[in-house]
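Enquirer: Shown below is the structure under consideration.
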Amino acid sequence: MSMQDHHLEEASAPILWQPTKDSIHDSLLYQFMVELSEREDTLFHDYQQLHHWSVRHSEHFWDRLWDFCGVIGDKGDRVTDCPPNSTEPAKDTLWFPDARLNFAENLLAYGNQAPNKDAIVFHCEGQPEWRQQLSWQALQQQVSQLSQYLRAQGITQGDVVAGYLPNLPQTLIAMLATSAVGAIWTSTSPDFGVDSVVERFGQTCPKILFAADGYFYNGKRHSCINKVNAMLSELHSVEKVVLIPFASLNAPTDSPLAERYQDWHDVLAAFPPAPIQFERVAFNHPLYILYSSGTTGKPKCIVHSVGGILLNHLKEHMLHSNVNPGDRVFYFTTCGWMMWNWMASGLAAGATLILYDGSPFYPDGNVLWDMADQEGVTLFGTSAKYLEALEKQGYQPGKTHQLPYLRTLCSTGSVLAPEQFDYVYESIKSDLQLASISGGTDICGCFAIGNPISPVYRGECQGRALGMDVQVYDDNGQSVIDAQGELVCCNSFPNQPVGFWNDEGDQRYHSAYWEVYPNTWHHGDFIQLTRHGGLVFFGRSDAVLNPGGVRIGTAEIYRQVNPMDEITDSIVIGQNWQNDVRVVLFVQLAAGHQLDETLQAKIRQRIKEHCSPRHVPAVILAVTDIPRTKSGKLVELAVRNVVHQQPVKNVGALANPEALEQYKHRPELSC
């Protein structure tokens, strides 16, 4: 199949799901369109038209969104303020420069209407008796107590508070209390090693650290005590550690650091519940510090704003995901991934958050679906890798579970192959909005996202996010449709980062996103925009293969290789070879299979038949493990560096750094 034929195949992708007329009319997005039609004297009849308007009139869009979502705070008179004589207005625009609001106040507001309903329900791996419910009233009370504690410790606007925590209710409470007092929240998950945590928190200098004594994963209890002690010896900014007794492991009493520890329950008991004092701050005041994966160097400390995160997440939850008050939202995530921050904002839409901490395959692959049935989950969020693993292991949740309330399934983290779309509709639920979403830590949100009023096409993200002028640029920097190119965003948006922490003159921030194309955000994804507005992702553009000068997205190869019964996982790179680039494929074999000549021929034939001769790997090698980041993303660049005998700058960002040893000095790659 030629590349042109491949594009035609993608452009004519079949529709797998259509919303009903009733479901469209019941959606919050439709209600927003009706209100907008009345206020703007324009009849909005479909999503593409609405998106076009939201980009051409972005100030009006975000202003109307504030009102529709009922944001609590003083909006002010101006929507934007671009510095005079700025040569880069998209980069430099300030949104809602006169606004004052508080993030926690908005996330906790629904509790004033429904104090006795569930705000949070928590499940822990292997501990079914630990199911914990927290009402809105109880959540407000604990946020009140903890915010009083933070104030008593002198925490104020601009201070940093950190969490080294599992996905617990206490993690959300600590974040909300931090934002209530106007401070900045940052977090990592407890599977991060000491060096990785110090590399992150050492840059942001938190004053208070919340940590758990341990956590459960894959049937084992893991202690965090020694790791916390080790990082405290290097994090001199930390004045107090609030320890959460989760895994029944005792804090040290004979350590010279013992005086810095306080028990979570003691902290709460010291302060009576009282009305929360919400510190209203500027729209662009820092809320979160998130960290890049750090696989190409020291992790970037990305600062996100109170108003930008709140307004964009309200858009993504309410309009794009149709999250209504009382819905039950679950996302499988850790506190070291931006999807935890995304999930937390579901509270602002009045949703109940269903939290799970542990392995998604312990004791087996039914565990998350058992929980989804039990809790009546309406939005189930996960990764493409998880769905692929379910299919490989033969799970069919739709046949073993009822899932009566499940309306939306979100997938992110890596490209969702067309065959996985088939799996979802055949084996999970046929009447379901499958939203393949993509954005990143950089914007703590989405450029590509679903919506409840448009069809789902096989292999495609439903469309571009409202208010985001997402385009595809070719090699000449020209916008193209039905051709592969770079994902760019050509306008300003409220959830652009405030900048990077301690980035003098915004130099690293500018270099990361703004220097490739004039006044245009360059995201680093290799994608295609279809004529009906869908988006097809082909992988990271810095990992794109370039044999013979033809650019090939890595996802095209994974799409063919990973579904094979003989293959568990794979990773592909381009190796510099004889003044060109050759494609090298590494495969992790399923049990009982060998990479013999027959299997190699089968792999090559499949890729040639379904992609093109250019895609066919010159070398195929077997490995026993595929390196990934702690959030499950493939690290093609790290493997490429190892193959070229170049250093990998931050192996601590990997979940399995030892895997890289298998890629070093392979004799097959020297001939």
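Residue numbering restarts at 1 for every chain of the structure tokens, chains are lettered A, B, ... in their displayed order, and ligands are numbered from 1 as they appear.
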Near range 165-172 of chain A, counting only C-alpha atoms, which residues have an atom at most 6 Å away, once you skip same-chain residues fewer than 2 positions from it, shown as number ranges by chain?
Expert: A: 163, 174-175, 189-190, 211-212, 334, 357
Enquirer: Identify, on the basis of only C-alpha atoms, every residue whose closest approach to Pro452 in chain A does not exceed 10 Å; exclude the query and any residue fewer than 3 positions from it along the same chain; express the result as a PyMOL selection string.
Expert: chain A and resi 18-20+23-30+47+319-322+407-408+432-435+455-456+462
Enquirer: If I take CA of Phe103 in chain A and CA of Thr178 in chain A, how far is one from the other in Å, to one decimal?
Expert: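 Interatomic distance, CA of Phe103 in chain A to CA of Thr178 in chain A: 9.8 Å.
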Enquirer: For Glu460 in chain A, which residue out of A:Val415, A:Val424, A:Leu268, A:Val161 is the nearest one, using only C-alpha atoms?
Expert: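 The closest residue to Glu460 in chain A is A:Val415.
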Enquirer: Skip Phe330 in chain A itself and residues of its chain fewer than 4 positions away, then list as a ChimeraX atom specification all residues within 12 Å of it, counting only C-alpha atoms.
Expert: /A:120-123,167,323,339-340,342-347,351-357,368-369,371-373,375-382,406,408-411
Enquirer: With C-alpha atoms retained, could you export that selection as a tab-separated table (two decimals), in the first residue's frame?
Expert:
chain	number	residue	atom	x	y	z
A	120	ILE	CA	-14.79	10.74	46.79
A	121	VAL	CA	-14.90	6.94	46.83
A	122	PHE	CA	-11.57	5.16	47.29
A	123	HIS	CA	-10.54	1.61	46.43
A	167	ASN	CA	-3.72	8.15	44.75
A	323	VAL	CA	-19.67	15.44	33.10
A	339	MET	CA	-4.15	13.04	34.44
A	340	TRP	CA	-4.37	13.06	38.26
A	342	TRP	CA	-7.19	16.55	35.29
A	343	MET	CA	-9.26	14.03	37.21
A	344	ALA	CA	-9.23	16.18	40.38
A	345	SER	CA	-10.94	19.01	38.52
A	346	GLY	CA	-13.98	16.80	38.02
A	347	LEU	CA	-15.05	18.01	41.46
A	351	ALA	CA	-18.77	14.80	39.92
A	352	THR	CA	-17.93	12.08	42.42
A	353	LEU	CA	-14.32	10.98	41.98
A	354	ILE	CA	-13.66	7.24	42.08
A	355	LEU	CA	-10.05	6.71	43.15
A	356	TYR	CA	-8.05	3.51	42.79
A	357	ASP	CA	-4.50	2.89	43.92
A	368	LEU	CA	-11.09	-2.07	37.55
A	369	TRP	CA	-14.24	-3.29	35.81
A	371	MET	CA	-15.06	-1.43	40.61
A	372	ALA	CA	-16.71	0.34	37.67
A	373	ASP	CA	-19.76	-1.90	38.04
A	375	GLU	CA	-19.57	2.26	41.73
A	376	GLY	CA	-21.66	3.02	38.66
A	377	VAL	CA	-18.79	4.73	36.84
A	378	THR	CA	-19.98	7.05	34.05
A	379	LEU	CA	-16.55	8.08	32.70
A	380	PHE	CA	-13.75	5.50	32.69
A	381	GLY	CA	-10.29	6.85	31.90
A	382	THR	CA	-7.25	4.76	31.06
A	406	LEU	CA	-20.80	3.90	31.51
A	408	THR	CA	-17.61	7.67	28.06
A	409	LEU	CA	-14.28	5.87	27.85
A	410	CYS	CA	-11.20	8.12	27.61
A	411	SER	CA	-7.81	6.86	26.46
Enquirer: Quick one: residues within 7 Å of range 553-555 of chain A, only C-alpha atoms counted, chain neighbours fewer than 3 positions away excluded, as a list in words?
Expert: Val415, Phe526, Phe538, Gly539, Val544, Leu545, Tyr558, Arg559 and Val572 of chain A
Enquirer: Rank nothing, just name the residue among A:Ser233, A:Ala348, A:Pro14, A:Asp81 nearest to Pro418 in chain A, using only C-alpha atoms.
Expert: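 Counting only C-alpha atoms, the residue closest to Pro418 in chain A is A:Pro14.
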Enquirer: Give me every alpha helix (DSSP H) residue in range 330-571 of chain A, going by DSSP on the backbone, as a PyMOL selection string.
Expert: chain A and resi 338-344+367-375+384-392+397-400+418-427+507-513+554-561
Enquirer: DSSP on the backbone: what in range 487-660 of chain A comes out strand (DSSP E or B), as a PyMOL selection string?
Expert: chain A and resi 487-489+499-500+517+520-529+535-540+545+552+567-577+580-589+619-623+628-629+634+654
Enquirer: Would you output that residue set with C-alpha atoms, as an mmCIF file, in the first residue's frame?
Expert:
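And here's selection.cif as it stands now:
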data_model
loop_
_atom_site.group_PDB
_atom_site.id
_atom_site.type_symbol
_atom_site.label_atom_id
_atom_site.label_comp_id
_atom_site.auth_asym_id
_atom_site.auth_seq_id
_atom_site.Cartn_x
_atom_site.Cartn_y
_atom_site.Cartn_z
ATOM 1 C CA LEU A 487 0.864 19.598 15.628
ATOM 2 C CA VAL A 488 0.863 23.346 16.264
ATOM 3 C CA CYS A 489 -1.508 25.747 18.000
ATOM 4 C CA GLY A 499 6.351 29.546 32.523
ATOM 5 C CA PHE A 500 9.033 27.281 33.944
ATOM 6 C CA TYR A 517 7.495 28.571 14.215
ATOM 7 C CA THR A 520 3.059 29.508 17.198
ATOM 8 C CA TRP A 521 3.042 26.744 19.814
ATOM 9 C CA HIS A 522 4.982 23.725 18.505
ATOM 10 C CA HIS A 523 3.938 20.643 20.441
ATOM 11 C CA GLY A 524 6.106 17.886 19.005
ATOM 12 C CA ASP A 525 3.428 15.419 17.872
ATOM 13 C CA PHE A 526 3.284 14.009 14.336
ATOM 14 C CA ILE A 527 -0.367 14.004 13.261
ATOM 15 C CA GLN A 528 -2.903 14.278 10.461
ATOM 16 C CA LEU A 529 -6.091 16.365 10.333
ATOM 17 C CA LEU A 535 -7.102 13.862 14.263
ATOM 18 C CA VAL A 536 -4.862 10.829 13.651
ATOM 19 C CA PHE A 537 -1.668 10.557 15.725
ATOM 20 C CA PHE A 538 1.522 8.888 14.481
ATOM 21 C CA GLY A 539 3.795 9.385 17.501
ATOM 22 C CA ARG A 540 6.218 12.017 18.737
ATOM 23 C CA LEU A 545 11.731 7.693 11.413
ATOM 24 C CA ILE A 552 7.298 7.836 9.143
ATOM 25 C CA ILE A 567 4.381 -10.084 20.263
ATOM 26 C CA THR A 568 3.809 -8.639 23.735
ATOM 27 C CA ASP A 569 5.253 -5.178 23.071
ATOM 28 C CA SER A 570 7.650 -3.379 20.736
ATOM 29 C CA ILE A 571 9.716 -0.253 20.216
ATOM 30 C CA VAL A 572 11.122 1.103 16.961
ATOM 31 C CA ILE A 573 13.907 3.599 16.241
ATOM 32 C CA GLY A 574 15.862 5.008 13.362
ATOM 33 C CA GLN A 575 19.567 4.071 13.369
ATOM 34 C CA ASN A 576 22.056 6.237 11.508
ATOM 35 C CA TRP A 577 23.521 3.920 8.886
ATOM 36 C CA ASP A 580 21.015 7.321 5.759
ATOM 37 C CA VAL A 581 18.640 6.031 8.431
ATOM 38 C CA ARG A 582 17.501 2.433 8.749
ATOM 39 C CA VAL A 583 14.491 1.222 10.722
ATOM 40 C CA VAL A 584 15.313 -1.013 13.696
ATOM 41 C CA LEU A 585 12.501 -2.846 15.478
ATOM 42 C CA PHE A 586 12.836 -4.406 18.939
ATOM 43 C CA VAL A 587 10.139 -6.890 19.958
ATOM 44 C CA GLN A 588 9.207 -8.402 23.299
ATOM 45 C CA LEU A 589 7.988 -11.895 22.531
ATOM 46 C CA VAL A 619 16.748 -5.183 11.538
ATOM 47 C CA ILE A 620 14.424 -6.956 13.996
ATOM 48 C CA LEU A 621 15.788 -7.912 17.423
ATOM 49 C CA ALA A 622 14.293 -9.631 20.450
ATOM 50 C CA VAL A 623 14.387 -8.121 23.950
ATOM 51 C CA ARG A 628 8.844 3.154 29.432
ATOM 52 C CA THR A 629 8.411 6.212 31.618
ATOM 53 C CA LEU A 634 7.574 4.600 25.273
ATOM 54 C CA LEU A 654 12.088 5.439 33.568
#
Enquirer: What does the structure give for the distance between CA of Val281 in chain A and CA of Ser135 in chain A, in Å to one decimal?
Expert: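 Interatomic distance here is 27.0 Å.
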Enquirer: Identify, on the basis of only C-alpha atoms, every residue whose closest approach to Asn656 in chain A does not exceed 10 Å; exclude the query and any residue fewer than 5 positions from it along the same chain; express the result as a list in words.
Expert: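 Residues near the query, excluding close chain neighbours: Asp625, Ile626, Pro627, Arg628, Thr629, Lys630 and Val651 of chain A.
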Enquirer: Any idea what the distance is between CA of Ala349 in chain A and CA of Asp118 in chain A?
Expert: 13.5 Å
Enquirer: Of the residues A:Trp130, A:Tyr423, A:Trp136, A:Trp62, which is the one nearest to Pro563 in chain A, using only C-alpha atoms?
Expert: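 Looking at the shortest contact to Pro563 in chain A, the residue is A:Tyr423.
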Enquirer: What's around Pro363 in chain A at 9 Å? Count only C-alpha atoms, leave out sequence neighbours fewer than 5 positions away in its own chain, and write the answer as a PyMOL selection string.
Expert: chain A and resi 125-126+218-219
Enquirer: At a cut-off of 6 Å, using only C-alpha atoms, what residues contact range 492-495 of chain A? Leave out same-chain residues fewer than 2 positions from it and give the result as a VMD selection string.
Expert: chain A and resid 90 95 308 to 309 443
Enquirer: Keeping only N, CA and C atoms, write the selected residues as a CSV table (one decimal), in the first residue's frame.
Expert:
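So the final result, stored in again27.csv, reads:
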chain,number,residue,atom,x,y,z
A,90,ALA,N,0.6,35.7,21.0
A,90,ALA,CA,0.1,34.4,21.4
A,90,ALA,C,0.8,33.9,22.7
A,95,TRP,N,-4.5,36.2,30.2
A,95,TRP,CA,-6.0,36.0,30.2
A,95,TRP,C,-6.6,36.5,31.5
A,308,GLY,N,-6.3,29.4,34.5
A,308,GLY,CA,-6.1,28.6,33.3
A,308,GLY,C,-6.5,27.2,33.4
A,309,ILE,N,-6.1,26.5,34.5
A,309,ILE,CA,-6.4,25.1,34.8
A,309,ILE,C,-7.9,25.0,35.1
A,443,ILE,N,0.4,21.5,28.8
A,443,ILE,CA,-0.7,22.4,28.9
A,443,ILE,C,-1.7,21.8,30.0
Enquirer: Would you mind telling me which residue in A:Ser479, A:Asn650, A:Asn341, A:Thr412 lies nearest to Asn312 in chain A when using only C-alpha atoms?
Expert: A:Asn341
Enquirer: When distances are computed from only C-alpha atoms, which of A:Thr93, A:Gln140, A:Gln402, A:Gln645 shows the smallest separation from Asn116 in chain A?
Expert: A:Gln140
